[in-house]
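Student: Submitted below is the structure of interest, expressed as structure tokens.
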Amino acid sequence: MHQAATARRQLNLATRHQLTASGVPDATISSRARPGGPWQRLLPRVYLLQTGPPDHRQRALAAVLYAAEPAADPLAGDTAVLTGGAALALLGIRDAPHTPADVLIRAPRRLTPTPKVRPLATSRWPRTITVSGIPSTRPVRAAADFASRAEDPSLIRSTLAHVVQAGWCHPHDLHAELRAARLLTRPAIRAAAAELVAGVRSIAEARARDTLAATDLPTPLWNARLSTPDGTFLASPDAYWPDEGVALEIDSAEYHYTRDSWHATLRRRLRLEAHGILVVSATPSMIRDTPHEVITALRTLLTLTTNRPTPPTATARGHVQLELPVASQ
């Protein structure tokens, strides 16, 4: 009975310590976990009490069970907690890797890593949450821990952008977490943090920001919120030049598969143009492959606006491009 209750709480998973504590003999555990048996050994001392393959939630929780202290309640998040890419993947962050699973443990404790689990000892134990039944760090800490172990600058850039874009944390909170972890001296992480504080929310926007920075065009606001004088929200273009009333919209085809999403994009552009805002539309591939065409179009509209008799009837609240100090060590 105790074994069944544990399995229900833990997505049909149990540790050897839990099984023996509930009265299951070691020999029975070994017998049931043999190839073709009713149980599966997912990790050292961690068993899946079913014959079917584990899903990604079970694999994530198995990593926590492996890392938790044997006598502790693994669901409490007191001795082991999911972080990094695996925690972000549970939140639906695109491209965040499910494996290997990064799991925080309390320093100075040490634990042998496996191909599927990477224990990370820390003296900065975080506040924890439960995501899909699995004890995890908050998204801001998971993002910082992911960045600390990732090597691909593009993956760091896109993953941190997705975390902020999805609304899981504010860019300033992420910057503070990266600073506390002493990660801002790493060029790729520092660059990604600077883009997010500047208002950039995607790889396409980051590439556009790099492209614009290499020109003599004025510096735009990124993801500014545009409103009418009476406070009615208009839109939030990717880049906006408030003095000239020019917007850059980067429209990815993956978000326009449906008729409704495409119409929503067209209505947003109509709202901007109805208030005197000139719009340049481009796809991420245009920004990547033919940036000169996008720059030429922007330059033309920014030049045209100097002779317009009336300014656009919109106000903007947006992000300036802030220079972030290197964290002291």
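The chains in the structure tokens are called A, B, ... from first to last as shown; in each chain the residues are counted from 1, and the ligands are counted from 1 in the order shown.
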Need to verify the contact set: A:Leu90, 8 Å, only C-alpha atoms, exclusion of same-chain residues closer than 2 positions in sequence. Can you return it as a list in words?
Tutor: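 Skipping anything fewer than 2 positions along the chain leaves Arg57, Ala86, Ala87, Leu88, Gly92, Ile93, Val131 and Ser132 of chain A.
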Student: Set the distance at 12 Å and use only C-alpha atoms: which residues neighbour A:Thr114 once local chain neighbours fewer than 5 positions away are removed? I'd like the list as a PyMOL selection string.
Tutor: chain A and resi 42-44+63+66-67+99-103+119
Student: Enumerate the residues of stretch 39-223 of chain A with a DSSP assignment of alpha helix (DSSP H), computed from the backbone, and present them as a count of residues only.
Tutor: 75
Student: I'd like the neighbourhood of stretch 2-19 of chain A as number ranges by chain, where a residue qualifies if any of its atoms comes within 7 Å (using only C-alpha atoms), though same-chain residues fewer than 4 positions away should be ignored.
Tutor: A: 23-24, 45-49, 58, 65, 70
Student: Generate the output file for the selected residues, N, CA, C and O atoms, as a PDB file, in the first residue's frame.
Tutor:
ATOM      1  N   GLY A  23       8.969  -2.127   2.417  1.00  0.00           N
ATOM      2  CA  GLY A  23       8.926  -3.563   2.625  1.00  0.00           C
ATOM      3  C   GLY A  23       9.232  -4.422   1.421  1.00  0.00           C
ATOM      4  O   GLY A  23       9.096  -5.653   1.496  1.00  0.00           O
ATOM      5  N   VAL A  24       9.660  -3.815   0.326  1.00  0.00           N
ATOM      6  CA  VAL A  24       9.998  -4.606  -0.863  1.00  0.00           C
ATOM      7  C   VAL A  24      11.445  -5.082  -0.729  1.00  0.00           C
ATOM      8  O   VAL A  24      12.362  -4.260  -0.617  1.00  0.00           O
ATOM      9  N   ARG A  45      19.508   3.381  -8.772  1.00  0.00           N
ATOM     10  CA  ARG A  45      18.628   3.433  -7.594  1.00  0.00           C
ATOM     11  C   ARG A  45      17.280   4.095  -7.869  1.00  0.00           C
ATOM     12  O   ARG A  45      16.537   4.393  -6.933  1.00  0.00           O
ATOM     13  N   VAL A  46      16.935   4.301  -9.145  1.00  0.00           N
ATOM     14  CA  VAL A  46      15.648   4.915  -9.489  1.00  0.00           C
ATOM     15  C   VAL A  46      14.912   4.017 -10.477  1.00  0.00           C
ATOM     16  O   VAL A  46      15.463   3.646 -11.520  1.00  0.00           O
ATOM     17  N   TYR A  47      13.647   3.699 -10.155  1.00  0.00           N
ATOM     18  CA  TYR A  47      12.895   2.720 -10.935  1.00  0.00           C
ATOM     19  C   TYR A  47      11.561   3.293 -11.416  1.00  0.00           C
ATOM     20  O   TYR A  47      10.885   4.042 -10.690  1.00  0.00           O
ATOM     21  N   LEU A  48      11.200   2.916 -12.638  1.00  0.00           N
ATOM     22  CA  LEU A  48       9.901   3.241 -13.207  1.00  0.00           C
ATOM     23  C   LEU A  48       9.026   2.004 -13.060  1.00  0.00           C
ATOM     24  O   LEU A  48       9.349   0.936 -13.605  1.00  0.00           O
ATOM     25  N   LEU A  49       7.923   2.142 -12.342  1.00  0.00           N
ATOM     26  CA  LEU A  49       7.108   0.972 -11.989  1.00  0.00           C
ATOM     27  C   LEU A  49       6.029   0.737 -13.047  1.00  0.00           C
ATOM     28  O   LEU A  49       4.821   0.685 -12.757  1.00  0.00           O
ATOM     29  N   GLN A  58       8.501  12.107 -16.492  1.00  0.00           N
ATOM     30  CA  GLN A  58       9.056  11.036 -15.666  1.00  0.00           C
ATOM     31  C   GLN A  58      10.576  11.033 -15.697  1.00  0.00           C
ATOM     32  O   GLN A  58      11.220  10.802 -14.670  1.00  0.00           O
ATOM     33  N   LEU A  65      14.888  12.440  -8.283  1.00  0.00           N
ATOM     34  CA  LEU A  65      14.927  11.328  -7.337  1.00  0.00           C
ATOM     35  C   LEU A  65      16.353  10.803  -7.175  1.00  0.00           C
ATOM     36  O   LEU A  65      16.776  10.452  -6.065  1.00  0.00           O
ATOM     37  N   PRO A  70      18.633  10.287   0.150  1.00  0.00           N
ATOM     38  CA  PRO A  70      17.757   9.112   0.229  1.00  0.00           C
ATOM     39  C   PRO A  70      16.604   9.240   1.219  1.00  0.00           C
ATOM     40  O   PRO A  70      15.482   8.825   0.925  1.00  0.00           O
TER      41      PRO A  70
END
Student: Could you list, as a list in words, every residue within 9 Å of A:Tyr240, counting only C-alpha atoms and ignoring same-chain residues fewer than 4 positions away?
Tutor: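 Returned residues: Thr219, Pro220, Leu221, Trp222, Asn223, Ala224, Ser236, Glu244, Gly245, Val246, Ala247, Leu248, Glu249, Ala316 and Gly318 of chain A.
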Student: Near A:Ile156, counting only C-alpha atoms, which residues have an atom at most 8 Å away, once you skip same-chain residues fewer than 3 positions from it, shown as a list of chain:residue names?
Tutor: A:Phe146, A:Ala147, A:Ala150, A:Glu151, A:Asp152, A:Pro153, A:Thr159, A:Leu160, A:Ala188, A:Ile189, A:Ala192
Student: Take the residues just selected and output them with all heavy atoms as a PDB file, in the first residue's frame.
Tutor:
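Produced file again_8.pdb, reproduced below:
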ATOM      1  N   PHE A 146      21.147  27.362 -17.000  1.00  0.00           N
ATOM      2  CA  PHE A 146      21.304  26.874 -18.374  1.00  0.00           C
ATOM      3  C   PHE A 146      22.461  27.603 -19.062  1.00  0.00           C
ATOM      4  O   PHE A 146      23.318  26.988 -19.685  1.00  0.00           O
ATOM      5  CB  PHE A 146      20.016  27.088 -19.166  1.00  0.00           C
ATOM      6  CG  PHE A 146      20.193  26.904 -20.641  1.00  0.00           C
ATOM      7  CD1 PHE A 146      20.234  25.639 -21.195  1.00  0.00           C
ATOM      8  CD2 PHE A 146      20.360  27.998 -21.474  1.00  0.00           C
ATOM      9  CE1 PHE A 146      20.429  25.458 -22.563  1.00  0.00           C
ATOM     10  CE2 PHE A 146      20.553  27.829 -22.833  1.00  0.00           C
ATOM     11  CZ  PHE A 146      20.591  26.556 -23.377  1.00  0.00           C
ATOM     12  N   ALA A 147      22.480  28.935 -18.936  1.00  0.00           N
ATOM     13  CA  ALA A 147      23.526  29.719 -19.590  1.00  0.00           C
ATOM     14  C   ALA A 147      24.905  29.356 -19.061  1.00  0.00           C
ATOM     15  O   ALA A 147      25.892  29.359 -19.812  1.00  0.00           O
ATOM     16  CB  ALA A 147      23.250  31.207 -19.390  1.00  0.00           C
ATOM     17  N   ALA A 150      25.821  26.075 -20.981  1.00  0.00           N
ATOM     18  CA  ALA A 150      25.718  26.029 -22.442  1.00  0.00           C
ATOM     19  C   ALA A 150      26.990  26.587 -23.071  1.00  0.00           C
ATOM     20  O   ALA A 150      27.641  27.476 -22.520  1.00  0.00           O
ATOM     21  CB  ALA A 150      24.505  26.817 -22.905  1.00  0.00           C
ATOM     22  N   GLU A 151      27.329  26.066 -24.228  1.00  0.00           N
ATOM     23  CA  GLU A 151      28.544  26.496 -24.924  1.00  0.00           C
ATOM     24  C   GLU A 151      28.250  27.233 -26.219  1.00  0.00           C
ATOM     25  O   GLU A 151      29.083  28.012 -26.681  1.00  0.00           O
ATOM     26  CB  GLU A 151      29.432  25.279 -25.213  1.00  0.00           C
ATOM     27  CG  GLU A 151      29.931  24.574 -23.945  1.00  0.00           C
ATOM     28  CD  GLU A 151      30.797  23.375 -24.267  1.00  0.00           C
ATOM     29  OE1 GLU A 151      30.949  23.064 -25.471  1.00  0.00           O
ATOM     30  OE2 GLU A 151      31.326  22.756 -23.325  1.00  0.00           O
ATOM     31  N   ASP A 152      27.100  27.003 -26.816  1.00  0.00           N
ATOM     32  CA  ASP A 152      26.754  27.614 -28.097  1.00  0.00           C
ATOM     33  C   ASP A 152      26.181  29.012 -27.868  1.00  0.00           C
ATOM     34  O   ASP A 152      25.091  29.147 -27.297  1.00  0.00           O
ATOM     35  CB  ASP A 152      25.732  26.728 -28.817  1.00  0.00           C
ATOM     36  CG  ASP A 152      25.348  27.274 -30.187  1.00  0.00           C
ATOM     37  OD1 ASP A 152      25.797  28.373 -30.547  1.00  0.00           O
ATOM     38  OD2 ASP A 152      24.592  26.585 -30.905  1.00  0.00           O
ATOM     39  N   PRO A 153      26.863  30.076 -28.291  1.00  0.00           N
ATOM     40  CA  PRO A 153      26.352  31.434 -28.075  1.00  0.00           C
ATOM     41  C   PRO A 153      24.964  31.655 -28.667  1.00  0.00           C
ATOM     42  O   PRO A 153      24.136  32.359 -28.080  1.00  0.00           O
ATOM     43  CB  PRO A 153      27.400  32.320 -28.753  1.00  0.00           C
ATOM     44  CG  PRO A 153      28.648  31.503 -28.754  1.00  0.00           C
ATOM     45  CD  PRO A 153      28.195  30.090 -28.935  1.00  0.00           C
ATOM     46  N   THR A 159      17.627  30.985 -26.220  1.00  0.00           N
ATOM     47  CA  THR A 159      16.923  30.440 -25.065  1.00  0.00           C
ATOM     48  C   THR A 159      16.591  31.525 -24.051  1.00  0.00           C
ATOM     49  O   THR A 159      15.460  31.598 -23.540  1.00  0.00           O
ATOM     50  CB  THR A 159      17.755  29.327 -24.402  1.00  0.00           C
ATOM     51  OG1 THR A 159      17.993  28.283 -25.357  1.00  0.00           O
ATOM     52  CG2 THR A 159      17.020  28.741 -23.201  1.00  0.00           C
ATOM     53  N   LEU A 160      17.544  32.395 -23.745  1.00  0.00           N
ATOM     54  CA  LEU A 160      17.258  33.484 -22.808  1.00  0.00           C
ATOM     55  C   LEU A 160      16.183  34.406 -23.366  1.00  0.00           C
ATOM     56  O   LEU A 160      15.304  34.878 -22.624  1.00  0.00           O
ATOM     57  CB  LEU A 160      18.536  34.273 -22.512  1.00  0.00           C
ATOM     58  CG  LEU A 160      19.665  33.515 -21.799  1.00  0.00           C
ATOM     59  CD1 LEU A 160      20.784  34.477 -21.407  1.00  0.00           C
ATOM     60  CD2 LEU A 160      19.156  32.770 -20.573  1.00  0.00           C
ATOM     61  N   ALA A 188      29.306  35.822 -24.427  1.00  0.00           N
ATOM     62  CA  ALA A 188      28.029  35.416 -25.012  1.00  0.00           C
ATOM     63  C   ALA A 188      26.868  35.732 -24.072  1.00  0.00           C
ATOM     64  O   ALA A 188      25.801  36.184 -24.510  1.00  0.00           O
ATOM     65  CB  ALA A 188      28.047  33.924 -25.348  1.00  0.00           C
ATOM     66  N   ILE A 189      27.073  35.509 -22.774  1.00  0.00           N
ATOM     67  CA  ILE A 189      26.009  35.756 -21.805  1.00  0.00           C
ATOM     68  C   ILE A 189      25.811  37.253 -21.615  1.00  0.00           C
ATOM     69  O   ILE A 189      24.681  37.747 -21.546  1.00  0.00           O
ATOM     70  CB  ILE A 189      26.334  35.063 -20.472  1.00  0.00           C
ATOM     71  CG1 ILE A 189      26.377  33.548 -20.678  1.00  0.00           C
ATOM     72  CG2 ILE A 189      25.322  35.434 -19.398  1.00  0.00           C
ATOM     73  CD1 ILE A 189      26.780  32.758 -19.450  1.00  0.00           C
ATOM     74  N   ALA A 192      23.899  38.606 -24.612  1.00  0.00           N
ATOM     75  CA  ALA A 192      22.482  38.232 -24.563  1.00  0.00           C
ATOM     76  C   ALA A 192      21.739  39.071 -23.522  1.00  0.00           C
ATOM     77  O   ALA A 192      20.618  39.527 -23.754  1.00  0.00           O
ATOM     78  CB  ALA A 192      22.345  36.750 -24.248  1.00  0.00           C
TER      79      ALA A 192
END
Student: Please give the complete set of residues from stretch 204-310 of chain A that DSSP, run on the backbone, assigns to strand (DSSP E), formatted as a count of residues only.
Tutor: 23
Student: Name all residues at most 9 Å from A:Ala181 (count only C-alpha atoms; drop same-chain ones fewer than 6 positions away) and give them as a PyMOL selection string.
Tutor: chain A and resi 124+144-145+148
Student: With distances taken over only C-alpha atoms, which residue among A:Arg110, A:Arg94, A:Arg41, A:Arg225 lies nearest A:Val163?
Tutor: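 Looking only at the distances to A:Val163, the closest residue turns out to be A:Arg94.
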Student: Counting only C-alpha atoms, which residue out of A:Val140, A:Ala71, A:Leu111, A:Ile250 sits closest to A:Met286?
Tutor: A:Ile250
Student: Need the shell around A:Asp230: protein/DNA/RNA residues with any atom at most 12 Å away, counting only C-alpha atoms. Skip same-chain ones fewer than 3 positions apart. Format as a list in words?
Tutor: Leu226, Ser227, Phe233, Leu234, Thr313, Ala314 and Thr315 of chain A
Student: Using all heavy atoms, can you write the selected residues to a file as a short mmCIF file (atom, residue, chain, number, x, y, z; two decimals), in the first residue's frame?
Tutor:
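Written out: result-v8.cif:
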data_model
loop_
_atom_site.label_atom_id
_atom_site.label_comp_id
_atom_site.auth_asym_id
_atom_site.auth_seq_id
_atom_site.Cartn_x
_atom_site.Cartn_y
_atom_site.Cartn_z
N LEU A 226 3.09 51.30 -28.15
CA LEU A 226 2.56 52.50 -28.77
C LEU A 226 1.10 52.67 -28.39
O LEU A 226 0.32 51.72 -28.43
CB LEU A 226 2.69 52.43 -30.29
CG LEU A 226 4.08 52.14 -30.87
CD1 LEU A 226 4.08 52.35 -32.37
CD2 LEU A 226 5.14 53.00 -30.22
N SER A 227 0.74 53.91 -28.04
CA SER A 227 -0.62 54.22 -27.63
C SER A 227 -1.07 55.51 -28.29
O SER A 227 -0.25 56.34 -28.70
CB SER A 227 -0.72 54.37 -26.11
OG SER A 227 -0.24 53.22 -25.44
N PHE A 233 -4.14 51.40 -26.43
CA PHE A 233 -2.99 50.65 -26.97
C PHE A 233 -3.16 50.41 -28.46
O PHE A 233 -4.22 50.02 -28.94
CB PHE A 233 -2.86 49.32 -26.25
CG PHE A 233 -1.77 48.43 -26.81
CD1 PHE A 233 -0.43 48.73 -26.60
CD2 PHE A 233 -2.10 47.30 -27.54
CE1 PHE A 233 0.57 47.92 -27.12
CE2 PHE A 233 -1.10 46.48 -28.06
CZ PHE A 233 0.23 46.79 -27.85
N LEU A 234 -2.07 50.65 -29.21
CA LEU A 234 -2.07 50.44 -30.65
C LEU A 234 -1.39 49.12 -31.02
O LEU A 234 -1.98 48.22 -31.59
CB LEU A 234 -1.35 51.59 -31.37
CG LEU A 234 -2.11 52.89 -31.57
CD1 LEU A 234 -1.21 53.92 -32.21
CD2 LEU A 234 -3.34 52.64 -32.45
N THR A 313 0.14 60.34 -34.69
CA THR A 313 -0.64 60.56 -33.47
C THR A 313 -0.52 59.34 -32.56
O THR A 313 -1.47 58.62 -32.31
CB THR A 313 -2.12 60.78 -33.83
OG1 THR A 313 -2.57 59.66 -34.62
CG2 THR A 313 -2.31 62.06 -34.61
N ALA A 314 0.71 59.12 -32.09
CA ALA A 314 0.96 58.00 -31.18
C ALA A 314 2.09 58.36 -30.24
O ALA A 314 2.98 59.14 -30.57
CB ALA A 314 1.34 56.74 -31.97
N THR A 315 2.02 57.81 -29.04
CA THR A 315 3.10 57.98 -28.07
C THR A 315 3.74 56.63 -27.82
O THR A 315 3.09 55.60 -27.96
CB THR A 315 2.56 58.56 -26.75
OG1 THR A 315 1.55 57.69 -26.24
CG2 THR A 315 1.98 59.94 -26.97
#
Student: Given the choices A:Val164, A:Val197, A:Ala235, A:Val64, which gets closest to A:Gly133 if the distance is worked out from only C-alpha atoms?
Tutor: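 Result for the nearest residue to A:Gly133: A:Val64.
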Student: Mind giving me the straight-line distance from atom CA of A:Leu104 to atom CA of A:Arg118 in Å, one decimal?
Tutor: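 Atom-to-atom, atom CA of A:Leu104 to atom CA of A:Arg118, that is 8.6 Å.
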Student: Smallest atom-to-atom distance to A:Leu155: which of A:Ser202, A:Thr122, A:Ser136, A:Ser22, using only C-alpha atoms?
Tutor: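 Closest residue, counting only C-alpha atoms: A:Ser202.
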